[in-house]
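A.B. asks: This one is target-v5.txt, compact mmCIF, C-alpha atoms.
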# COMPACT_ATOMS: atom_id res chain seq x y z
CA MET A 1 -36.91 -17.61 35.02
CA THR A 2 -35.88 -16.87 31.42
CA ASP A 3 -33.09 -18.54 29.55
CA THR A 4 -30.32 -16.32 28.29
CA ALA A 5 -28.07 -17.09 25.39
CA PRO A 6 -24.41 -17.59 26.23
CA LYS A 7 -22.41 -14.44 25.91
CA GLN A 8 -20.39 -14.34 22.72
CA PRO A 9 -16.87 -12.90 22.56
CA ASP A 10 -17.04 -9.16 21.87
CA SER A 11 -15.21 -8.39 18.66
CA SER A 12 -16.88 -5.01 18.20
CA LEU A 13 -15.08 -1.83 17.27
CA LYS A 14 -15.16 -0.73 20.94
CA THR A 15 -13.28 -3.84 22.04
CA ARG A 16 -10.78 -3.45 19.22
CA LEU A 17 -10.17 0.16 20.18
CA ARG A 18 -9.74 -0.71 23.86
CA SER A 19 -7.17 -3.37 22.96
CA ALA A 20 -5.37 -0.92 20.69
CA ALA A 21 -5.31 1.64 23.50
CA VAL A 22 -3.64 -0.90 25.80
CA PHE A 23 -1.23 -2.66 23.46
CA GLY A 24 -0.48 0.18 21.02
CA PRO A 25 1.36 2.55 23.38
CA ALA A 26 3.38 -0.33 24.88
CA VAL A 27 4.49 -1.50 21.42
CA LEU A 28 5.32 2.04 20.32
CA LEU A 29 7.36 2.63 23.47
CA VAL A 30 9.47 -0.47 22.79
CA VAL A 31 9.87 0.54 19.14
CA TYR A 32 11.04 3.95 20.32
CA LEU A 33 13.54 2.46 22.78
CA GLY A 34 15.00 0.05 20.21
CA GLY A 35 18.02 -2.03 21.24
CA TRP A 36 17.46 -4.98 23.57
CA PRO A 37 13.85 -4.15 24.49
CA PHE A 38 12.91 -4.24 20.79
CA ILE A 39 14.89 -7.41 20.06
CA LEU A 40 13.33 -9.21 23.01
CA MET A 41 9.84 -8.08 22.02
CA MET A 42 10.36 -9.33 18.48
CA ALA A 43 11.74 -12.66 19.72
CA ALA A 44 8.65 -13.10 21.89
CA ALA A 45 6.45 -12.14 18.93
CA ALA A 46 8.15 -14.75 16.74
CA ALA A 47 7.64 -17.45 19.37
CA ILE A 48 3.95 -16.62 19.88
CA ALA A 49 3.17 -16.20 16.17
CA VAL A 50 4.88 -19.47 15.20
CA ASP A 51 3.08 -21.28 18.02
CA GLU A 52 -0.27 -19.94 16.78
CA TRP A 53 0.62 -20.90 13.21
CA ALA A 54 1.65 -24.43 14.15
CA LYS A 55 -1.50 -25.03 16.20
CA MET A 56 -3.61 -23.72 13.33
CA VAL A 57 -2.15 -25.92 10.59
CA LEU A 58 -2.10 -28.95 12.90
CA THR A 59 -5.69 -28.47 14.07
CA ASP A 60 -6.78 -31.93 12.91
CA GLN A 61 -3.48 -33.62 13.73
CA LYS A 62 -2.03 -35.15 16.87
CA PRO A 63 1.57 -33.91 16.98
CA PRO A 64 4.00 -35.15 19.64
CA ALA A 65 3.38 -33.20 22.85
CA PHE A 66 6.86 -31.67 22.87
CA LEU A 67 6.79 -30.62 19.20
CA LEU A 68 4.79 -27.43 19.58
CA ARG A 69 6.89 -26.26 22.52
CA LEU A 70 10.09 -27.01 20.62
CA THR A 71 8.86 -25.11 17.57
CA MET A 72 7.84 -22.11 19.67
CA VAL A 73 11.13 -21.92 21.59
CA LEU A 74 13.30 -22.30 18.48
CA ALA A 75 11.37 -19.55 16.70
CA GLY A 76 12.08 -17.20 19.58
CA VAL A 77 15.74 -18.21 19.73
CA ALA A 78 16.17 -17.76 15.96
CA ALA A 79 14.60 -14.30 16.05
CA LEU A 80 16.65 -13.34 19.12
CA ALA A 81 19.91 -14.49 17.50
CA ALA A 82 19.07 -12.74 14.23
CA GLY A 83 18.42 -9.53 16.16
CA MET A 84 21.77 -9.82 17.92
CA LEU A 85 23.58 -10.43 14.62
CA GLN A 86 21.71 -7.54 12.98
CA ASN A 87 21.54 -9.31 9.64
CA PRO A 88 18.25 -10.40 8.03
CA LEU A 89 19.96 -13.24 6.15
CA SER A 90 21.04 -14.71 9.48
CA GLY A 91 17.35 -15.12 10.27
CA LEU A 92 16.94 -17.22 7.13
CA TRP A 93 19.88 -19.52 7.86
CA LEU A 94 18.93 -19.93 11.50
CA ALA A 95 15.32 -20.64 10.57
CA LEU A 96 16.40 -23.30 8.08
CA ALA A 97 18.80 -24.88 10.57
CA PHE A 98 16.14 -25.02 13.27
CA CYS A 99 13.62 -26.39 10.78
CA PHE A 100 16.00 -29.32 10.31
CA LEU A 101 16.08 -29.91 14.09
CA ILE A 102 12.29 -29.76 14.29
CA PHE A 103 11.96 -32.16 11.36
CA CYS A 104 14.43 -34.62 12.90
CA TYR A 105 12.60 -34.63 16.23
CA ASN A 106 9.23 -35.04 14.55
CA PHE A 107 10.58 -37.85 12.35
CA SER A 108 11.95 -39.66 15.40
CA GLN A 109 8.51 -39.43 17.03
CA LYS A 110 6.68 -40.44 13.83
CA GLY A 111 4.67 -37.23 13.95
CA PRO A 112 2.46 -35.69 11.22
CA SER A 113 3.66 -33.90 8.09
CA LEU A 114 5.32 -30.62 9.01
CA ARG A 115 5.50 -29.04 5.55
CA ARG A 116 3.11 -26.20 6.38
CA VAL A 117 4.48 -25.79 9.91
CA LEU A 118 8.03 -25.35 8.68
CA GLY A 119 6.96 -23.07 5.82
CA GLY A 120 5.23 -20.78 8.30
CA PHE A 121 8.20 -21.01 10.67
CA VAL A 122 10.59 -19.66 8.03
CA TYR A 123 8.10 -17.05 6.78
CA ILE A 124 7.51 -15.60 10.25
CA VAL A 125 11.08 -15.79 11.60
CA VAL A 126 12.69 -14.19 8.53
CA SER A 127 10.11 -11.39 8.43
CA ILE A 128 10.77 -10.59 12.08
CA ALA A 129 14.53 -10.76 11.45
CA ILE A 130 14.06 -8.11 8.74
CA MET A 131 12.20 -5.86 11.18
CA THR A 132 14.92 -6.21 13.83
CA TRP A 133 17.49 -5.37 11.16
CA LEU A 134 15.55 -2.24 10.18
CA ARG A 135 15.53 -1.08 13.82
CA ALA A 136 19.17 -2.07 14.40
CA ASP A 137 20.21 1.42 13.31
CA THR A 138 20.19 3.15 16.70
CA SER A 139 19.95 6.59 15.12
CA VAL A 140 16.63 8.23 14.35
CA HIS A 141 16.71 6.60 10.88
CA GLY A 142 16.13 3.14 12.33
CA LEU A 143 13.17 4.42 14.33
CA TYR A 144 11.84 6.28 11.29
CA ASN A 145 11.97 3.19 9.08
CA VAL A 146 10.18 0.91 11.55
CA ALA A 147 7.66 3.62 12.39
CA THR A 148 6.97 4.02 8.67
CA LEU A 149 6.45 0.28 8.34
CA LEU A 150 4.03 0.15 11.28
CA LEU A 151 2.09 3.30 10.44
CA VAL A 152 1.60 2.29 6.80
CA VAL A 153 0.26 -1.13 7.83
CA TRP A 154 -1.94 0.22 10.63
CA GLY A 155 -3.17 3.04 8.39
CA SER A 156 -4.04 0.61 5.62
CA ASP A 157 -5.97 -1.53 8.10
CA VAL A 158 -7.96 1.42 9.46
CA PHE A 159 -8.73 2.96 6.06
CA ALA A 160 -9.71 -0.43 4.63
CA TYR A 161 -12.08 -1.06 7.54
CA PHE A 162 -13.93 2.24 7.24
CA ALA A 163 -13.91 2.35 3.42
CA GLY A 164 -15.30 -1.18 3.25
CA ARG A 165 -18.04 -0.48 5.80
CA THR A 166 -18.98 2.85 4.25
CA LEU A 167 -18.84 2.06 0.54
CA GLY A 168 -19.41 -1.70 0.47
CA GLY A 169 -19.54 -3.11 -3.05
CA PRO A 170 -18.13 -6.25 -4.69
CA LYS A 171 -16.31 -8.75 -2.49
CA LEU A 172 -12.54 -8.97 -2.83
CA ALA A 173 -12.08 -12.67 -2.07
CA PRO A 174 -15.42 -14.13 -0.91
CA ASN A 175 -14.08 -17.67 -0.59
CA ILE A 176 -11.24 -16.56 1.68
CA SER A 177 -12.46 -13.51 3.59
CA PRO A 178 -16.16 -12.80 2.92
CA LYS A 179 -16.19 -9.38 4.60
CA LYS A 180 -13.41 -7.82 2.51
CA THR A 181 -14.44 -5.63 -0.42
CA TRP A 182 -12.68 -4.01 -3.34
CA SER A 183 -13.60 -0.61 -1.88
CA GLY A 184 -11.85 -1.58 1.35
CA PHE A 185 -8.84 -2.86 -0.58
CA LEU A 186 -8.43 0.36 -2.56
CA GLY A 187 -9.30 2.55 0.44
CA GLY A 188 -6.64 0.81 2.51
CA ALA A 189 -4.02 1.22 -0.22
CA LEU A 190 -4.88 4.89 -0.69
CA GLY A 191 -4.75 5.48 3.07
CA ALA A 192 -1.33 3.83 3.29
CA GLY A 193 -0.14 5.96 0.37
CA VAL A 194 -1.31 9.19 2.02
CA ILE A 195 0.42 8.26 5.28
CA ALA A 196 3.68 7.39 3.50
CA ALA A 197 3.55 10.63 1.51
CA GLY A 198 3.06 12.56 4.75
CA LEU A 199 5.99 10.77 6.37
CA GLY A 200 8.14 11.55 3.34
CA HIS A 201 7.06 15.18 2.95
CA PRO A 202 9.98 17.64 3.04
CA ALA A 203 8.47 19.54 5.98
CA PHE A 204 8.23 16.39 8.09
CA ILE A 205 11.62 15.08 6.96
CA SER A 206 13.24 18.38 7.91
CA TRP A 207 11.44 18.48 11.26
CA VAL A 208 12.59 15.01 12.38
CA ASP A 209 15.98 15.30 10.60
CA VAL A 210 15.84 12.01 8.67
CA ASP A 211 15.70 10.93 5.06
CA THR A 212 13.57 8.42 3.22
CA ILE A 213 15.07 5.20 1.93
CA GLY A 214 17.16 6.01 -1.14
CA GLY A 215 16.29 9.70 -0.73
CA MET A 216 12.87 9.20 -2.35
CA GLU A 217 10.69 12.24 -3.04
CA PHE A 218 7.52 12.33 -0.99
CA MET A 219 5.29 11.47 -3.98
CA THR A 220 7.44 8.42 -4.76
CA TYR A 221 7.31 7.48 -1.09
CA GLY A 222 3.53 7.80 -1.29
CA ILE A 223 3.45 5.39 -4.24
CA VAL A 224 5.59 2.96 -2.23
CA GLY A 225 3.10 3.28 0.63
CA PHE A 226 0.21 2.60 -1.79
CA VAL A 227 1.90 -0.59 -2.99
CA LEU A 228 2.72 -1.65 0.60
CA GLY A 229 -0.93 -1.13 1.50
CA MET A 230 -1.93 -3.63 -1.18
CA VAL A 231 0.84 -6.03 -0.15
CA GLY A 232 -0.33 -5.88 3.47
CA GLN A 233 -3.85 -6.85 2.50
CA GLY A 234 -2.36 -9.69 0.50
CA GLY A 235 -0.58 -10.85 3.68
CA ASP A 236 -3.89 -10.68 5.52
CA LEU A 237 -5.56 -12.82 2.86
CA LEU A 238 -2.70 -15.31 2.94
CA VAL A 239 -3.24 -16.07 6.63
CA SER A 240 -7.03 -15.95 6.15
CA HIS A 241 -6.67 -18.63 3.48
CA PHE A 242 -5.02 -20.98 5.95
CA LYS A 243 -7.51 -20.13 8.70
CA ARG A 244 -10.41 -21.02 6.40
CA LYS A 245 -8.61 -24.12 5.13
CA HIS A 246 -8.19 -25.42 8.68
CA GLY A 247 -11.56 -24.22 9.99
CA VAL A 248 -10.12 -21.66 12.39
CA LYS A 249 -11.78 -18.27 12.98
CA ASP A 250 -8.85 -16.69 14.85
CA THR A 251 -5.29 -17.88 15.32
CA GLY A 252 -5.53 -17.26 19.07
CA THR A 253 -7.14 -15.24 21.85
CA LEU A 254 -4.24 -13.09 23.01
CA ILE A 255 -5.72 -9.72 21.97
CA PRO A 256 -9.42 -9.14 22.75
CA GLY A 257 -11.34 -8.11 19.65
CA HIS A 258 -8.45 -9.03 17.37
CA GLY A 259 -7.79 -12.70 18.10
CA GLY A 260 -4.24 -13.96 18.22
CA LEU A 261 -0.99 -12.12 17.60
CA LEU A 262 -0.78 -13.63 14.13
CA ASP A 263 -4.21 -12.16 13.34
CA ARG A 264 -2.79 -8.76 14.23
CA ILE A 265 0.54 -8.96 12.37
CA ASP A 266 -0.46 -10.99 9.29
CA ALA A 267 -0.24 -7.93 7.03
CA LEU A 268 2.93 -6.66 8.70
CA LEU A 269 4.81 -9.89 8.04
CA LEU A 270 4.51 -9.70 4.25
CA VAL A 271 5.00 -5.93 4.10
CA ALA A 272 8.27 -6.31 6.03
CA TYR A 273 9.68 -8.44 3.20
CA VAL A 274 8.92 -5.82 0.54
CA PHE A 275 9.95 -2.84 2.67
CA GLY A 276 13.13 -4.66 3.73
CA LEU A 277 14.00 -5.41 0.10
CA ILE A 278 13.50 -1.74 -0.78
CA ALA A 279 15.77 -0.77 2.13
CA MET A 280 18.47 -3.21 1.01
CA VAL A 281 18.38 -1.98 -2.59
CA GLY A 282 17.84 1.69 -1.80
CA GLY A 283 20.40 1.84 0.96
Represent the structure of the file as structure tokens.
C.D. replies:
Amino acid sequence: MTDTAPKQPDSSLKTRLRSAAVFGPAVLLVVYLGGWPFILMMAAAAAIAVDEWAKMVLTDQKPPAFLLRLTMVLAGVAALAAGMLQNPLSGLWLALAFCFLIFCYNFSQKGPSLRRVLGGFVYIVVSIAIMTWLRADTSVHGLYNVATLLLVVWGSDVFAYFAGRTLGGPKLAPNISPKKTWSGFLGGALGAGVIAAGLGHPAFISWVDVDTIGGMEFMTYGIVGFVLGMVGQGGDLLVSHFKRKHGVKDTGTLIPGHGGLLDRIDALLLVAYVFGLIAMVGG
């Protein structure tokens, strides 16, 4: 009888593609529907992502048993309320108010420092509030804006993956994410730029009967996409920094081949801030 090594989790491209085939259409359907289905999905996403974040930054701590549940529930409630109010600033004020409640409970239980937990709480909740605000427009424009946000981030991720594997070269941030390369970084940004330019092209705009934010020309929209592609990879590195700091490979196990939800939306969270700011300024 021969010994066999324990089977390791499959994080291959095949597993990633299978997960994308299952989760992708469901997410896109809810994005298409908008309204309450989208708000509820985003509230659930906020709760799960904040829970994963809190568990990650408290890996070596022993928080009060109720603390993580409280943090998770309040993140979902804050995102849900912000979606109902359809105002991204409401997400900020609600997040800050709930941070005070979490701090008070933790203080009463003499729990560990929550500085990083609360920072992540605000970062995640406000980003998701911005996304619900972008989709609050029930016309095709709201769908177009959120679809642009998602496709630019997903496109950047795909182009970065294949450019990095094909071209290789110098490492982007070896102490944070050893597999990322400068070729992947630039390939991802270029891919996001091409996708944004396509979404802003006059032929496509005329076909779907929408307009870009601020009426940008398609080349300008492509430049915005290029910048968002770089910003998204910065968001990825931000979460990777905390994962490495706390000795965590993945933030969770929710999505086979991808890890936790936070692993999947780390780029999206930061891009939402920049895209939301452009939407606020551009109208």
A.B. asks: Kindly indicate which residue among A:Ala49, A:Val224, A:Leu17, A:Leu172 lies nearest to A:Arg264, using only C-alpha atoms for the distances.
C.D. replies: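 That would be A:Ala49, the residue with the smallest distance to A:Arg264.
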A.B. asks: For A:Phe218, list every protein, DNA or RNA residue within 6 Å, evaluated using only C-alpha atoms, and leave out those in the same chain fewer than 4 positions away; present the list as a list in words.
C.D. replies: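 Surrounding residues, per the criterion: Ala197, Gly200 and His201 of chain A.
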A.B. asks: Generate a file of the selected residues that holds C-alpha atoms, formatted as a compact mmCIF listing (two decimals), in the frame of the given file.
C.D. replies:
# COMPACT_ATOMS: atom_id res chain seq x y z
CA ALA A 197 3.55 10.63 1.51
CA GLY A 200 8.14 11.55 3.34
CA HIS A 201 7.06 15.18 2.95
A.B. asks: Can you pull out every residue within 6 Å of stretch 227-236 of chain A, counting only C-alpha atoms, but drop anything in the same chain fewer than 2 positions away, and send it as a tab-separated table (two decimals) with C-alpha atoms, in the coordinates of the input?
C.D. replies:
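Output file around_16.tsv is given in full below:
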chain	number	residue	atom	x	y	z
A	156	SER	CA	-4.04	0.61	5.62
A	189	ALA	CA	-4.02	1.22	-0.22
A	192	ALA	CA	-1.33	3.83	3.29
A	224	VAL	CA	5.59	2.96	-2.23
A	225	GLY	CA	3.10	3.28	0.63
A	238	LEU	CA	-2.70	-15.31	2.94
A	239	VAL	CA	-3.24	-16.07	6.63
A	266	ASP	CA	-0.46	-10.99	9.29
A	267	ALA	CA	-0.24	-7.93	7.03
A	270	LEU	CA	4.51	-9.70	4.25
A	271	VAL	CA	5.00	-5.93	4.10
A.B. asks: Give the answer as one residue: which of A:Ala129, A:Leu150, A:Leu143, A:Leu186 has the shortest atom-to-atom distance to A:Val210, using only C-alpha atoms?
C.D. replies: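 Ranked by minimum distance to A:Val210, first place goes to A:Leu143.
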A.B. asks: If you measure from atom CA of A:Phe275 to atom CA of A:Gly187, what distance in Å do you get, rounded to one decimal?
C.D. replies: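 These two atoms are separated by 20.1 Å.
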A.B. asks: Which is closer to A:Gly276 than all the others in A:Gly215, A:Gly35, A:Pro63, A:Pro88, using only C-alpha atoms?
C.D. replies: A:Pro88
A.B. asks: Mind working out the centre and edge lengths of an axis-aligned box for stretch 233-248 of chain A, all listed atoms inside, 4 Å added to each side, rounded to one decimal in Å and written as JSON?
C.D. replies:
{"center_x": -6.1, "center_y": -16.1, "center_z": 6.4, "size_x": 19.0, "size_y": 26.6, "size_z": 19.9}
A.B. asks: Can you tell me, as number ranges by chain, what residues are no more than 10 Å from A:Ser113 when counting all atoms listed in the file, ignoring any on the same chain fewer than 5 positions away?
C.D. replies: A: 58, 61, 63, 103, 106-107, 118
A.B. asks: Only C-alpha atoms, please: the residues just picked out, written as a compact mmCIF listing (two decimals), keeping the file's coordinate frame.
C.D. replies:
# COMPACT_ATOMS: atom_id res chain seq x y z
CA LEU A 58 -2.10 -28.95 12.90
CA GLN A 61 -3.48 -33.62 13.73
CA PRO A 63 1.57 -33.91 16.98
CA PHE A 103 11.96 -32.16 11.36
CA ASN A 106 9.23 -35.04 14.55
CA PHE A 107 10.58 -37.85 12.35
CA LEU A 118 8.03 -25.35 8.68
A.B. asks: Given the point (-7.8, -30.1, 3.7) in the coordinates of this file, which residues lie within 12 Å, counting all atoms listed in the file, and how would they look as a list of chain:residue names?
C.D. replies: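 Residues close enough to count: A:Val57, A:Leu58, A:Thr59, A:Asp60, A:Gln61, A:Arg116, A:His241, A:Phe242, A:Lys243, A:Arg244, A:Lys245, A:His246, A:Gly247.
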A.B. asks: Which residue out of A:Ala44, A:Met216, A:Ile195, A:Val122 has the minimum interatomic distance to A:Val158 when only C-alpha atoms are used?
C.D. replies: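 Once distances to A:Val158 are computed over only C-alpha atoms, the minimum belongs to A:Ile195.
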A.B. asks: I'd like the interatomic distance between atom CA of A:Gly34 and atom CA of A:Thr15, to a tenth of an Å.
C.D. replies: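 Taking atom CA of A:Gly34 and atom CA of A:Thr15, their separation equals 28.6 Å.
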A.B. asks: With a distance cut-off of 10 Å and only C-alpha atoms, select the neighbouring residues of A:Leu167, excluding the residue or stretch itself and same-chain residues fewer than 6 positions from it, and output the selection as a PyMOL selection string.
C.D. replies: chain A and resi 181-184+187
A.B. asks: Please return stretch 224-239 of chain A, rebuilt to N, CA and C atoms, as a CSV table (one decimal), in the frame of the given file.
C.D. replies:
chain,number,residue,atom,x,y,z
A,224,VAL,N,5.1,4.1,-3.0
A,224,VAL,CA,5.6,3.0,-2.2
A,224,VAL,C,4.6,2.6,-1.1
A,225,GLY,N,4.1,3.6,-0.4
A,225,GLY,CA,3.1,3.3,0.6
A,225,GLY,C,1.8,2.7,0.0
A,226,PHE,N,1.4,3.1,-1.1
A,226,PHE,CA,0.2,2.6,-1.8
A,226,PHE,C,0.4,1.1,-2.1
A,227,VAL,N,1.6,0.8,-2.7
A,227,VAL,CA,1.9,-0.6,-3.0
A,227,VAL,C,2.0,-1.4,-1.7
A,228,LEU,N,2.6,-0.9,-0.7
A,228,LEU,CA,2.7,-1.6,0.6
A,228,LEU,C,1.3,-1.9,1.2
A,229,GLY,N,0.4,-0.9,1.0
A,229,GLY,CA,-0.9,-1.1,1.5
A,229,GLY,C,-1.6,-2.3,0.8
A,230,MET,N,-1.4,-2.5,-0.5
A,230,MET,CA,-1.9,-3.6,-1.2
A,230,MET,C,-1.2,-4.9,-0.7
A,231,VAL,N,0.1,-4.8,-0.6
A,231,VAL,CA,0.8,-6.0,-0.2
A,231,VAL,C,0.4,-6.5,1.2
A,232,GLY,N,0.1,-5.5,2.1
A,232,GLY,CA,-0.3,-5.9,3.5
A,232,GLY,C,-1.7,-6.6,3.4
A,233,GLN,N,-2.6,-6.2,2.6
A,233,GLN,CA,-3.8,-6.8,2.5
A,233,GLN,C,-3.7,-8.2,1.9
A,234,GLY,N,-2.7,-8.4,1.0
A,234,GLY,CA,-2.4,-9.7,0.5
A,234,GLY,C,-1.9,-10.6,1.6
A,235,GLY,N,-1.0,-10.1,2.5
A,235,GLY,CA,-0.6,-10.8,3.7
A,235,GLY,C,-1.7,-11.3,4.6
A,236,ASP,N,-2.7,-10.4,4.7
A,236,ASP,CA,-3.9,-10.7,5.5
A,236,ASP,C,-4.7,-11.8,4.9
A,237,LEU,N,-4.8,-11.8,3.6
A,237,LEU,CA,-5.6,-12.8,2.9
A,237,LEU,C,-4.8,-14.2,2.9
A,238,LEU,N,-3.5,-14.1,2.9
A,238,LEU,CA,-2.7,-15.3,2.9
A,238,LEU,C,-3.0,-16.1,4.2
A,239,VAL,N,-2.9,-15.4,5.4
A,239,VAL,CA,-3.2,-16.1,6.6
A,239,VAL,C,-4.7,-16.5,6.7
